[in-house]
Each structure stands twice: as C-alpha cells, then as structure tokens.
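*Asks:* Below is entry23.txt; it holds compact mmCIF, C-alpha atoms and all ligand atoms.
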# COMPACT_ATOMS: atom_id res chain seq x y z
CA MET A 1 -3.78 -19.91 105.34
CA TYR A 2 -2.15 -22.28 102.83
CA VAL A 3 -3.96 -25.61 102.45
CA LEU A 4 -2.57 -28.57 100.55
CA GLY A 5 -5.31 -30.79 99.06
CA ILE A 6 -4.65 -34.43 98.18
CA GLU A 7 -6.99 -36.68 96.17
CA SER A 8 -6.36 -40.33 95.30
CA SER A 9 -9.78 -42.01 95.48
CA CYS A 10 -9.76 -43.58 92.01
CA ASP A 11 -7.34 -43.32 89.10
CA GLU A 12 -5.97 -39.79 89.33
CA THR A 13 -3.24 -38.76 91.76
CA ALA A 14 -3.86 -35.10 92.48
CA ALA A 15 -2.51 -32.31 94.68
CA ALA A 16 -3.52 -28.65 94.89
CA VAL A 17 -2.84 -25.60 97.00
CA ILE A 18 -5.37 -23.00 98.06
CA GLY A 19 -3.91 -19.87 99.60
CA PRO A 20 -5.10 -16.72 101.36
CA GLY A 21 -8.39 -15.38 100.09
CA HIS A 22 -9.46 -18.85 98.93
CA LYS A 23 -7.21 -18.47 95.92
CA LEU A 24 -6.32 -21.57 93.92
CA LEU A 25 -2.53 -21.39 93.55
CA ALA A 26 -1.76 -24.85 92.15
CA ASN A 27 -3.68 -27.76 90.70
CA VAL A 28 -1.77 -30.85 89.54
CA VAL A 29 -3.43 -34.04 88.29
CA ALA A 30 -1.46 -37.14 87.22
CA SER A 31 -3.69 -39.33 85.08
CA GLN A 32 -3.34 -43.12 85.02
CA PHE A 33 -4.92 -43.33 81.57
CA ASP A 34 -2.00 -45.25 80.03
CA THR A 35 -2.07 -47.86 82.80
CA HIS A 36 -5.78 -48.68 82.67
CA GLN A 37 -6.93 -48.01 79.10
CA ARG A 38 -5.80 -51.40 77.76
CA TYR A 39 -8.04 -53.12 80.36
CA GLY A 40 -11.07 -51.01 79.44
CA GLY A 41 -11.50 -49.79 83.04
CA VAL A 42 -9.71 -49.08 86.31
CA VAL A 43 -7.77 -52.02 87.80
CA PRO A 44 -7.70 -51.31 91.58
CA GLU A 45 -4.33 -52.98 92.34
CA LEU A 46 -2.62 -51.10 89.52
CA ALA A 47 -4.26 -47.86 90.65
CA SER A 48 -2.78 -48.13 94.18
CA ARG A 49 0.65 -48.89 92.78
CA GLU A 50 0.50 -45.88 90.45
CA HIS A 51 -0.61 -43.60 93.31
CA LEU A 52 2.41 -44.74 95.33
CA ARG A 53 4.66 -43.85 92.44
CA ALA A 54 3.05 -40.49 91.73
CA ILE A 55 2.14 -39.01 95.12
CA VAL A 56 5.49 -37.45 96.08
CA PRO A 57 6.28 -35.86 92.68
CA VAL A 58 2.71 -34.61 92.32
CA VAL A 59 2.74 -32.91 95.74
CA ARG A 60 6.17 -31.42 95.03
CA GLN A 61 4.95 -30.08 91.70
CA ALA A 62 1.92 -28.49 93.37
CA LEU A 63 4.12 -26.70 95.91
CA GLU A 64 6.40 -25.50 93.13
CA GLN A 65 3.44 -24.24 91.12
CA ALA A 66 2.17 -22.37 94.18
CA ALA A 67 5.69 -21.01 94.77
CA ILE A 68 5.74 -22.17 98.40
CA THR A 69 7.58 -24.82 100.42
CA TYR A 70 6.38 -27.48 102.87
CA LYS A 71 7.07 -25.06 105.73
CA ASP A 72 4.51 -22.57 104.41
CA LEU A 73 1.66 -25.07 104.68
CA ASN A 74 -0.88 -24.52 107.47
CA ALA A 75 -3.06 -27.61 106.93
CA ILE A 76 -3.62 -30.66 104.73
CA ALA A 77 -6.96 -31.82 103.33
CA VAL A 78 -7.31 -35.33 101.98
CA THR A 79 -10.08 -37.49 100.50
CA GLU A 80 -11.19 -40.07 103.08
CA GLY A 81 -13.90 -41.70 100.89
CA PRO A 82 -15.82 -42.86 98.97
CA GLY A 83 -13.50 -44.61 96.54
CA LEU A 84 -11.19 -47.58 96.08
CA VAL A 85 -9.77 -48.57 99.46
CA GLY A 86 -6.18 -49.15 98.30
CA SER A 87 -6.14 -45.88 96.38
CA LEU A 88 -7.64 -43.89 99.25
CA LEU A 89 -5.09 -45.33 101.68
CA VAL A 90 -2.14 -44.03 99.68
CA GLY A 91 -3.34 -40.41 99.83
CA LEU A 92 -4.57 -40.66 103.41
CA THR A 93 -1.39 -42.26 104.78
CA PHE A 94 0.78 -39.75 102.96
CA ALA A 95 -1.30 -36.83 104.27
CA LYS A 96 -1.14 -38.11 107.86
CA GLY A 97 2.62 -38.60 107.69
CA LEU A 98 3.17 -35.15 106.24
CA ALA A 99 0.87 -33.53 108.81
CA VAL A 100 2.76 -35.20 111.68
CA SER A 101 6.16 -34.23 110.34
CA LEU A 102 5.10 -30.61 109.72
CA ARG A 103 3.08 -30.48 112.98
CA ILE A 104 0.02 -29.09 111.21
CA PRO A 105 -3.63 -30.25 111.24
CA PHE A 106 -5.12 -32.50 108.59
CA LEU A 107 -8.76 -33.02 107.67
CA GLY A 108 -10.51 -35.92 105.90
CA ILE A 109 -12.96 -34.80 103.20
CA ASN A 110 -15.81 -36.59 101.45
CA HIS A 111 -15.03 -36.84 97.72
CA ILE A 112 -18.64 -36.04 96.76
CA GLU A 113 -18.60 -32.90 98.91
CA GLY A 114 -15.38 -32.05 97.08
CA HIS A 115 -17.10 -32.17 93.68
CA ILE A 116 -19.70 -29.67 94.94
CA HIS A 117 -16.98 -27.34 96.26
CA ALA A 118 -15.15 -27.28 92.93
CA VAL A 119 -18.06 -25.13 91.79
CA VAL A 120 -18.25 -23.02 94.97
CA LEU A 121 -14.49 -22.29 94.70
CA GLU A 122 -14.65 -21.15 91.09
CA GLN A 123 -17.71 -18.95 91.59
CA GLN A 124 -16.00 -17.33 94.58
CA SER A 125 -12.91 -16.65 92.50
CA LYS A 126 -15.10 -14.79 90.00
CA ASN A 127 -16.61 -12.84 92.88
CA ARG A 128 -19.97 -14.47 92.32
CA GLN A 129 -21.88 -16.05 95.17
CA ILE A 130 -24.04 -19.09 94.54
CA LYS A 131 -27.52 -18.57 95.95
CA PHE A 132 -28.26 -21.06 98.73
CA PRO A 133 -30.13 -23.22 99.49
CA ALA A 134 -29.25 -24.95 96.26
CA LEU A 135 -29.56 -28.35 94.64
CA ALA A 136 -26.35 -30.17 93.82
CA LEU A 137 -26.21 -32.93 91.23
CA VAL A 138 -22.98 -34.93 91.36
CA VAL A 139 -22.63 -37.12 88.29
CA SER A 140 -19.41 -39.05 87.81
CA GLY A 141 -18.06 -42.52 87.18
CA GLY A 142 -18.88 -43.59 90.73
CA HIS A 143 -21.85 -41.47 91.75
CA SER A 144 -25.15 -39.99 90.59
CA HIS A 145 -26.47 -38.16 93.60
CA LEU A 146 -28.86 -35.26 94.00
CA PHE A 147 -28.59 -33.19 97.19
CA PHE A 148 -30.33 -30.28 98.84
CA VAL A 149 -27.55 -28.02 100.16
CA GLU A 150 -27.79 -25.36 102.84
CA GLN A 151 -25.10 -22.83 103.69
CA SER A 152 -24.95 -21.18 107.13
CA PRO A 153 -23.69 -17.58 107.55
CA ASP A 154 -20.27 -18.88 108.65
CA PHE A 155 -19.97 -21.11 105.57
CA GLU A 156 -20.95 -24.37 107.13
CA TYR A 157 -22.54 -26.57 104.47
CA ARG A 158 -25.19 -29.19 105.15
CA TYR A 159 -26.45 -31.79 102.72
CA ARG A 160 -29.66 -33.81 102.39
CA LEU A 161 -29.72 -36.66 99.86
CA LEU A 162 -32.83 -36.32 97.65
CA GLY A 163 -32.18 -39.10 95.14
CA ARG A 164 -29.53 -41.37 93.70
CA THR A 165 -29.02 -44.00 91.08
CA ARG A 166 -30.25 -47.46 91.95
CA ASP A 167 -27.76 -49.16 89.63
CA ASP A 168 -25.11 -47.56 87.42
CA ALA A 169 -23.74 -44.08 87.95
CA ALA A 170 -24.22 -41.75 84.96
CA GLY A 171 -20.53 -41.90 83.98
CA GLU A 172 -20.56 -45.66 84.33
CA ALA A 173 -23.48 -45.86 81.88
CA PHE A 174 -21.55 -43.68 79.40
CA ASP A 175 -18.45 -45.87 79.85
CA LYS A 176 -20.38 -49.14 79.42
CA VAL A 177 -22.23 -47.99 76.32
CA ALA A 178 -18.94 -46.78 74.82
CA LYS A 179 -17.33 -50.15 75.55
CA LEU A 180 -20.26 -51.97 73.98
CA LEU A 181 -19.81 -49.89 70.82
CA GLY A 182 -16.09 -50.67 70.59
CA LEU A 183 -14.93 -47.27 71.80
CA GLY A 184 -12.05 -46.77 74.27
CA TYR A 185 -11.97 -45.90 77.97
CA PRO A 186 -13.16 -43.67 79.53
CA GLY A 187 -16.12 -43.60 77.19
CA GLY A 188 -17.86 -40.43 78.40
CA PRO A 189 -15.61 -37.97 76.58
CA LEU A 190 -15.75 -40.12 73.40
CA ILE A 191 -19.54 -40.21 73.39
CA ASP A 192 -19.56 -36.45 73.98
CA GLN A 193 -17.21 -35.99 71.02
CA LEU A 194 -19.27 -38.18 68.65
CA ALA A 195 -22.84 -37.26 69.69
CA PRO A 196 -22.98 -33.99 67.66
CA HIS A 197 -22.45 -36.12 64.50
CA GLY A 198 -25.65 -38.11 65.04
CA ASP A 199 -29.38 -37.37 65.29
CA PRO A 200 -30.50 -37.50 68.95
CA ARG A 201 -34.12 -38.24 67.92
CA ALA A 202 -33.27 -41.07 65.49
CA VAL A 203 -33.38 -43.99 67.93
CA SER A 204 -36.23 -44.15 70.39
CA LEU A 205 -34.86 -45.17 73.79
CA PRO A 206 -37.01 -45.56 76.92
CA ASN A 207 -37.20 -43.02 79.72
CA VAL A 208 -37.24 -44.59 83.17
CA ARG A 209 -40.30 -44.84 85.36
CA MET A 210 -39.22 -45.13 88.98
CA LYS A 211 -41.25 -46.85 91.64
CA GLY A 212 -40.99 -45.13 95.02
CA ASN A 213 -38.72 -42.08 95.19
CA GLN A 214 -39.27 -40.17 91.95
CA LEU A 215 -35.92 -38.44 92.36
CA ASP A 216 -34.03 -41.74 92.18
CA LEU A 217 -32.54 -42.78 88.90
CA SER A 218 -31.72 -45.96 87.00
CA TYR A 219 -29.63 -46.57 83.91
CA SER A 220 -30.00 -50.33 83.50
CA GLY A 221 -33.10 -50.10 81.24
CA LEU A 222 -31.40 -47.57 78.95
CA LYS A 223 -28.26 -49.70 78.75
CA THR A 224 -30.27 -52.80 77.87
CA ALA A 225 -32.19 -50.87 75.20
CA VAL A 226 -28.87 -49.80 73.62
CA LEU A 227 -27.64 -53.41 73.71
CA ARG A 228 -30.84 -54.64 72.04
CA HIS A 229 -30.56 -52.01 69.34
CA VAL A 230 -26.93 -53.01 68.67
CA GLN A 231 -27.96 -56.66 68.29
CA GLN A 232 -30.88 -55.88 65.99
CA ALA A 233 -28.99 -53.41 63.82
CA ASN A 234 -26.17 -55.87 63.09
CA MET A 235 -23.34 -53.61 64.16
CA ASP A 236 -20.81 -56.34 65.03
CA ASP A 237 -18.32 -55.82 62.18
CA GLU A 238 -18.17 -52.11 62.74
CA ILE A 239 -17.67 -52.60 66.50
CA ARG A 240 -14.81 -55.05 65.91
CA THR A 241 -13.12 -52.57 63.57
CA ARG A 242 -13.32 -49.82 66.16
CA ARG A 243 -12.05 -52.11 68.90
CA ARG A 244 -9.00 -52.96 66.77
CA MET A 245 -8.40 -49.29 66.07
CA PHE A 246 -8.45 -48.38 69.79
CA LEU A 247 -6.06 -51.27 70.57
CA LYS A 248 -3.57 -49.93 68.05
CA LYS A 249 -4.08 -46.27 68.87
CA PRO A 250 -5.69 -45.50 72.27
CA ARG A 251 -6.28 -41.84 71.44
CA PRO A 252 -7.58 -41.61 67.84
CA THR A 253 -8.85 -38.28 66.50
CA THR A 254 -12.57 -37.62 66.05
CA ASP A 255 -12.12 -37.88 62.26
CA GLU A 256 -10.46 -41.29 62.60
CA ILE A 257 -13.37 -42.60 64.70
CA LEU A 258 -15.91 -41.08 62.30
CA LEU A 259 -14.28 -42.96 59.42
CA VAL A 260 -15.18 -46.28 61.07
CA SER A 261 -18.62 -45.27 62.39
CA SER A 262 -21.84 -45.57 60.39
CA LYS A 263 -24.71 -43.09 60.55
CA GLY A 264 -26.65 -45.72 62.51
CA THR A 265 -23.98 -45.85 65.22
CA LEU A 266 -23.69 -42.07 65.45
CA ASP A 267 -27.48 -41.77 65.73
CA LEU A 268 -27.47 -44.36 68.51
CA ILE A 269 -24.71 -42.49 70.38
CA ALA A 270 -26.52 -39.16 70.05
CA SER A 271 -29.83 -40.72 71.15
CA PHE A 272 -28.22 -42.42 74.14
CA GLN A 273 -26.56 -39.20 75.31
CA GLN A 274 -29.77 -37.24 74.86
CA THR A 275 -31.82 -39.76 76.87
CA ALA A 276 -29.21 -40.17 79.63
CA ILE A 277 -29.10 -36.40 80.13
CA GLU A 278 -32.88 -35.95 79.93
CA GLU A 279 -33.13 -38.29 82.91
CA LEU A 280 -30.91 -35.97 84.94
CA VAL A 281 -32.62 -32.76 83.84
CA ARG A 282 -36.04 -34.21 84.71
CA ARG A 283 -34.95 -35.18 88.22
CA VAL A 284 -33.51 -31.74 88.86
CA ALA A 285 -36.58 -29.95 87.48
CA ARG A 286 -38.84 -32.08 89.69
CA ALA A 287 -36.67 -31.47 92.76
CA MET A 288 -36.78 -27.71 92.10
CA GLU A 289 -40.59 -27.92 92.33
CA GLN A 290 -40.40 -29.76 95.65
CA GLU A 291 -37.62 -27.91 97.43
CA PRO A 292 -37.06 -24.24 98.26
CA ALA A 293 -33.81 -24.15 96.26
CA LYS A 294 -32.65 -21.03 94.40
CA ALA A 295 -29.94 -22.48 92.17
CA VAL A 296 -28.48 -25.70 90.83
CA ILE A 297 -24.89 -26.94 91.01
CA VAL A 298 -23.92 -29.69 88.55
CA SER A 299 -20.53 -31.32 89.09
CA GLY A 300 -18.49 -34.52 88.60
CA GLY A 301 -16.90 -35.94 85.45
CA VAL A 302 -20.18 -36.11 83.50
CA ALA A 303 -20.68 -32.37 84.11
CA ALA A 304 -17.96 -31.93 81.48
CA ASN A 305 -20.44 -33.17 78.86
CA SER A 306 -21.27 -30.41 76.38
CA GLY A 307 -24.77 -31.74 75.66
CA LEU A 308 -25.49 -31.83 79.39
CA ARG A 309 -24.37 -28.24 79.84
CA ARG A 310 -26.60 -27.09 77.00
CA GLN A 311 -29.68 -28.86 78.36
CA PHE A 312 -29.15 -27.63 81.92
CA GLU A 313 -28.50 -24.07 80.83
CA SER A 314 -31.97 -23.93 79.29
CA LEU A 315 -33.60 -24.36 82.73
CA PRO A 316 -35.23 -21.22 84.15
CA TYR A 317 -32.96 -20.83 87.23
CA PRO A 318 -29.24 -20.26 87.77
CA VAL A 319 -27.18 -23.39 87.01
CA TYR A 320 -23.49 -23.50 87.95
CA PHE A 321 -20.86 -25.85 86.50
CA PRO A 322 -17.16 -26.27 87.25
CA SER A 323 -14.62 -25.47 84.53
CA LEU A 324 -13.74 -28.57 82.50
CA LYS A 325 -10.52 -28.98 84.48
CA LEU A 326 -12.35 -29.11 87.81
CA SER A 327 -15.23 -31.30 86.56
CA THR A 328 -13.24 -34.53 86.72
CA ASP A 329 -11.30 -35.66 89.80
CA ASN A 330 -8.83 -33.14 91.21
CA ALA A 331 -7.48 -32.00 94.57
CA ALA A 332 -8.51 -28.33 94.33
CA MET A 333 -12.03 -29.45 95.16
CA ILE A 334 -10.78 -31.29 98.26
CA ALA A 335 -8.83 -28.28 99.53
CA ALA A 336 -11.85 -26.06 98.73
CA ALA A 337 -14.28 -28.21 100.74
CA ALA A 338 -11.82 -28.23 103.65
CA TYR A 339 -10.97 -24.51 103.67
CA PRO A 340 -14.01 -23.13 105.56
CA ARG A 341 -13.87 -26.07 107.99
CA LEU A 342 -10.21 -25.54 108.72
CA GLU A 343 -10.97 -21.86 109.28
CA ARG A 344 -13.40 -23.06 111.94
CA ARG A 345 -10.53 -25.17 113.37
CA GLU A 346 -12.07 -28.51 112.44
CA GLN A 347 -9.53 -31.32 112.12
CA SER A 348 -9.30 -35.11 111.94
CA ASP A 349 -7.25 -37.24 114.27
CA MET A 350 -4.70 -39.90 113.43
CA SER A 351 -7.27 -42.70 113.82
CA LEU A 352 -9.02 -41.59 110.60
CA THR A 353 -9.21 -44.48 108.11
CA ALA A 354 -10.21 -44.79 104.47
CA LYS A 355 -13.98 -45.19 104.02
CA PRO A 356 -14.74 -46.76 100.61
CA GLY A 357 -18.54 -46.40 101.04
CA LEU A 358 -18.65 -43.04 102.83
CA ALA A 359 -22.03 -41.28 102.43
CA LEU A 360 -22.72 -37.55 102.42
CA SER A 361 -25.69 -36.37 104.41
CA SER A 362 -25.84 -34.09 107.40
CA LEU A 363 -29.45 -32.85 107.14
CA GLU A 364 -32.48 -34.96 107.94
O1 LIG B 401 -15.45 -37.33 88.55
P1 LIG B 401 -14.67 -38.33 87.78
O2 LIG B 401 -13.35 -37.89 87.20
O3 LIG B 401 -14.37 -39.60 88.64
C1 LIG B 401 -15.26 -40.17 89.55
O4 LIG B 401 -15.41 -39.62 90.68
O5 LIG B 401 -15.89 -41.16 89.15
O6 LIG B 401 -15.64 -38.88 86.63
C2 LIG B 401 -15.21 -39.79 85.65
C3 LIG B 401 -16.42 -40.16 84.81
C4 LIG B 401 -16.15 -41.26 83.79
O7 LIG B 401 -17.21 -42.19 83.84
C5 LIG B 401 -16.14 -40.51 82.45
O8 LIG B 401 -16.55 -41.29 81.36
C6 LIG B 401 -17.13 -39.39 82.73
O9 LIG B 401 -16.87 -39.01 84.07
N1 LIG B 401 -16.91 -38.24 81.83
C7 LIG B 401 -17.80 -37.84 80.92
C8 LIG B 401 -17.20 -36.75 80.23
N2 LIG B 401 -15.95 -36.54 80.75
C9 LIG B 401 -15.79 -37.47 81.74
N3 LIG B 401 -19.03 -38.27 80.64
C10 LIG B 401 -19.71 -37.66 79.65
N4 LIG B 401 -19.20 -36.63 78.92
C11 LIG B 401 -17.96 -36.14 79.18
N5 LIG B 401 -17.47 -35.13 78.47
ZN ZN B 402 -15.12 -37.93 91.38
Render the structure in this file as structure tokens.

*Replies:*
Amino acid sequence: MYVLGIESSCDETAAAVIGPGHKLLANVVASQFDTHQRYGGVVPELASREHLRAIVPVVRQALEQAAITYKDLNAIAVTEGPGLVGSLLVGLTFAKGLAVSLRIPFLGINHIEGHIHAVVLEQQSKNRQIKFPALALVVSGGHSHLFFVEQSPDFEYRYRLLGRTRDDAAGEAFDKVAKLLGLGYPGGPLIDQLAPHGDPRAVSLPNVRMKGNQLDLSYSGLKTAVLRHVQQANMDDEIRTRRRMFLKKPRPTTDEILLVSSKGTLDLIASFQQTAIEELVRRVARAMEQEPAKAVIVSGGVAANSGLRRQFESLPYPVYFPSLKLSTDNAAMIAAAAYPRLERREQSDMSLTAKPGLALSSLE
C-alpha cells in the first residue's frame, strides 16, 4: 500500500509517501521561514497563502522522490487538526479533491497523534519495537501534552491525556524568551545553539508548583522570572544590538550571535533551557511512577533540543526520540499514524472539516 501524507497545520507545507512494509519513501517539507521571520512569528493569513502556493509542487516532489505516480497511490492521509484553520483547510481540501479524482480513500489524522507516530515509524524502520503501554510527551510550538498510550495486537493505538500546559506550550516559551532577548524566530533552535555557552546553574529560576493535577505544566512563571532578570540586569543595549543584527541577517552564525552576547545573557539562556526541560523531565518521571508504562516517547519540535535529549536519556527506562528531521512538523508522521488505520480500512468521508482545536484522547 502506498500512502500519501499531507500536513499543513501551521507554517510548513509537507508531503510524504510511505510504501509497502511501512517504508518511508519520500519526505518533503517546504518551510515558510522567509515569510514569517520578519514578523517574529507565524502570520495566519500569510501561512494559508503560502500553503496554496506550495501544496502542488510539494506533493509532486514527494511522488518523484518516492519514484511513483499519482496512479500508484492507494490512500491519502491528511492533518485535520489541531492547527490554524486556514492552513488546515488548504491541505484538507487538496487531499479531498485528490482522493475523489483518484477514487481512493482519504483519512483525517490528528496532528498530535502524528508527532507520536514519527517515533513509532522510525523505530519500526530500525526493526525495533517500542514497548507499550508507553508515555508520550508531545512538546512543540502549539502543544505540551503528556499521554498514556496503549497499543492493541492489531496496532490500534489509544491515548489518555495525563497532563498538559495551562498556558504556553514549551516551544512557545522558548520562542517568547528568545524574542525577549532580541533573538530571531523560531527561538527554540537559537536557544539550543547558545545554551552550551552559558552556565545553567548561574541564574536561579523558579520551578513551578501546580495546584490540582501534578502532571499539568505552566510556563508563565518561568517567563516572568526571565523578564524580571532582564530588567534588573540592564540588558537593553545588548538586546537592541541583537535585534538589529537579526533584522539585517535573519540567519547569523553562532559565532556572530556570541559576539553580541554577554556572559550574563548566555548564563540566562542556559538557565532558562535547563529549568524549562527540568519541568518536563519531572512530569514524565512522576507519571512513570503512577502509570504502568514501560517506555517514553518524546516528540514535537522541542524534542529536537539537545539539552532535552541529554536529560531524558539519563532516565532509567527506554526513551525514544524522532530523528531531528521528524521532530518538527512533517507529513511522514501523518502518513505513519494513518497507515495501520488504513490497513484496517478506516476512512473519512467528504464531510470532514478542519478542526483547529481537535483533542486527542480515546481512553478514559
Ligand atoms: O512541532 P513543530 O515544528 O510545530 C508545532 O507543531 O508547533 O514545533 C515548532 C516549535 C517551535 O516553538 C520551535 O522553537 C521549537 O519547536 N523548536 C525547538 C527546537 N527546534 C524547534 N525548541 C527547542 N530546541 C530546539 N532545538
Ligand atoms: Zn507539530
């Protein structure tokens, strides 16, 4: 079975093909970095327009990479939510139209489930099986969710939400702190790049105490603490210099950023990253005590963070990450989540609409 995956929930237009034996044959991602970076974040109207422009060439490129044609496709999988409504609609409408014209089934997929299946797909391709039940932490620009995941013998997956952020998603916190410090967008990779140059214990930042569900998370206190530190440490000139540098050159090298960053700033960046990640590791460690899980899956854009990988790898149970390429948004993960369902002949009908706030939970 050849499955075309399409993903357009935010600011990447992506298409991928998974073929017989769950093999990833093509994975194409068109980034909208150049469109949005000057605004310091994703502009929804521009994102939809860029998806419209990119969707046909991206799908064509994926088919070429997989060395197949439209006629070889057996099914189409597409993100139905959560995400930006205008962006989702572009992928969904395209997928429906293509499915009708090729007379093949299509299936709407939850983007968060997709992030989890990026990891399942890659472990399968290495002939390794993740031990289920497992915990899955999805940390990206839009979500910070912790799930308990069960797998049935015929590869049906069921999810129970254990905890989630009450305010910012982890990636959003990285992006906002980076913006505050005069760094470009998205800020997560920049913070990751700079953190090893600072001392993570230099600035004392608060850990969160949650009322109610101890597996929930909050980043607003940490963000405010960073802001207060910036105000007290008189970092304004330095921040303005960096902002000017990013305006002139959106992708400076690490050395160029280091030249305009004081030890105080680098220490703050390292301390922020350390604290933000500790929050995630603590939640997962606590959930492992409460639930009969055998392994941990960590996925989503923030799972690309090298500090995060190091801290999670020191936990005393198997922890699985996606490759860097499949950590951030892509369509391989959408095709991967759909594949076992399509094998069970699941499909969506033409009334399927975009669901910007779609939740993931099938276990009570
Ligand atoms: O999964 P993703 O591509 O899109 C969403 O579903 O949101 O995640 C993007 C987020 C952004 O907030 C970005 O700053 C963050 O992931 N991110 C990182 C890293 N790479 C991407 N955060 C920390 N460290 C990284 N290396
Ligand atoms: Zn995502």

*Asks:* Ranking A:Met333, A:Ala99, A:Ile55, A:Met210 by minimum distance to Ala30 of chain A and counting only C-alpha atoms, which one comes first?

*Replies:*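 Going through A:Met333, A:Ala99, A:Ile55, A:Met210 one by one, the smallest distance to Ala30 of chain A is for A:Ile55.
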
*Asks:* Kindly indicate which residue among A:Val260, A:Val230, A:Ile191, A:Val42 lies nearest to Phe246 of chain A, using all atoms listed in the file for the distances.

*Replies:* A:Val260

*Asks:* Rank A:Gln65, A:Thr254, A:Thr241, A:Gln151 by their smallest atom-to-atom distance to Val120 of chain A, using only C-alpha atoms, and report the top residue only.

*Replies:*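 Smallest distance to Val120 of chain A is found for A:Gln151.
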
*Asks:* Given all atoms listed in the file as the basis, pick out the residue of A:Asn330, A:Gln214, A:Thr35, A:Ser261 nearest to ligand LIG 401 (chain B).

*Replies:*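 Using all atoms listed in the file, the shortest distance to ligand LIG 401 (chain B) belongs to A:Asn330.
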
*Asks:* Do you know which residues are within 6 Å of ligand ZN 402 (chain B) using all atoms listed in the file? Can you write them as number ranges by chain?

*Replies:* A: 140, 300, 329
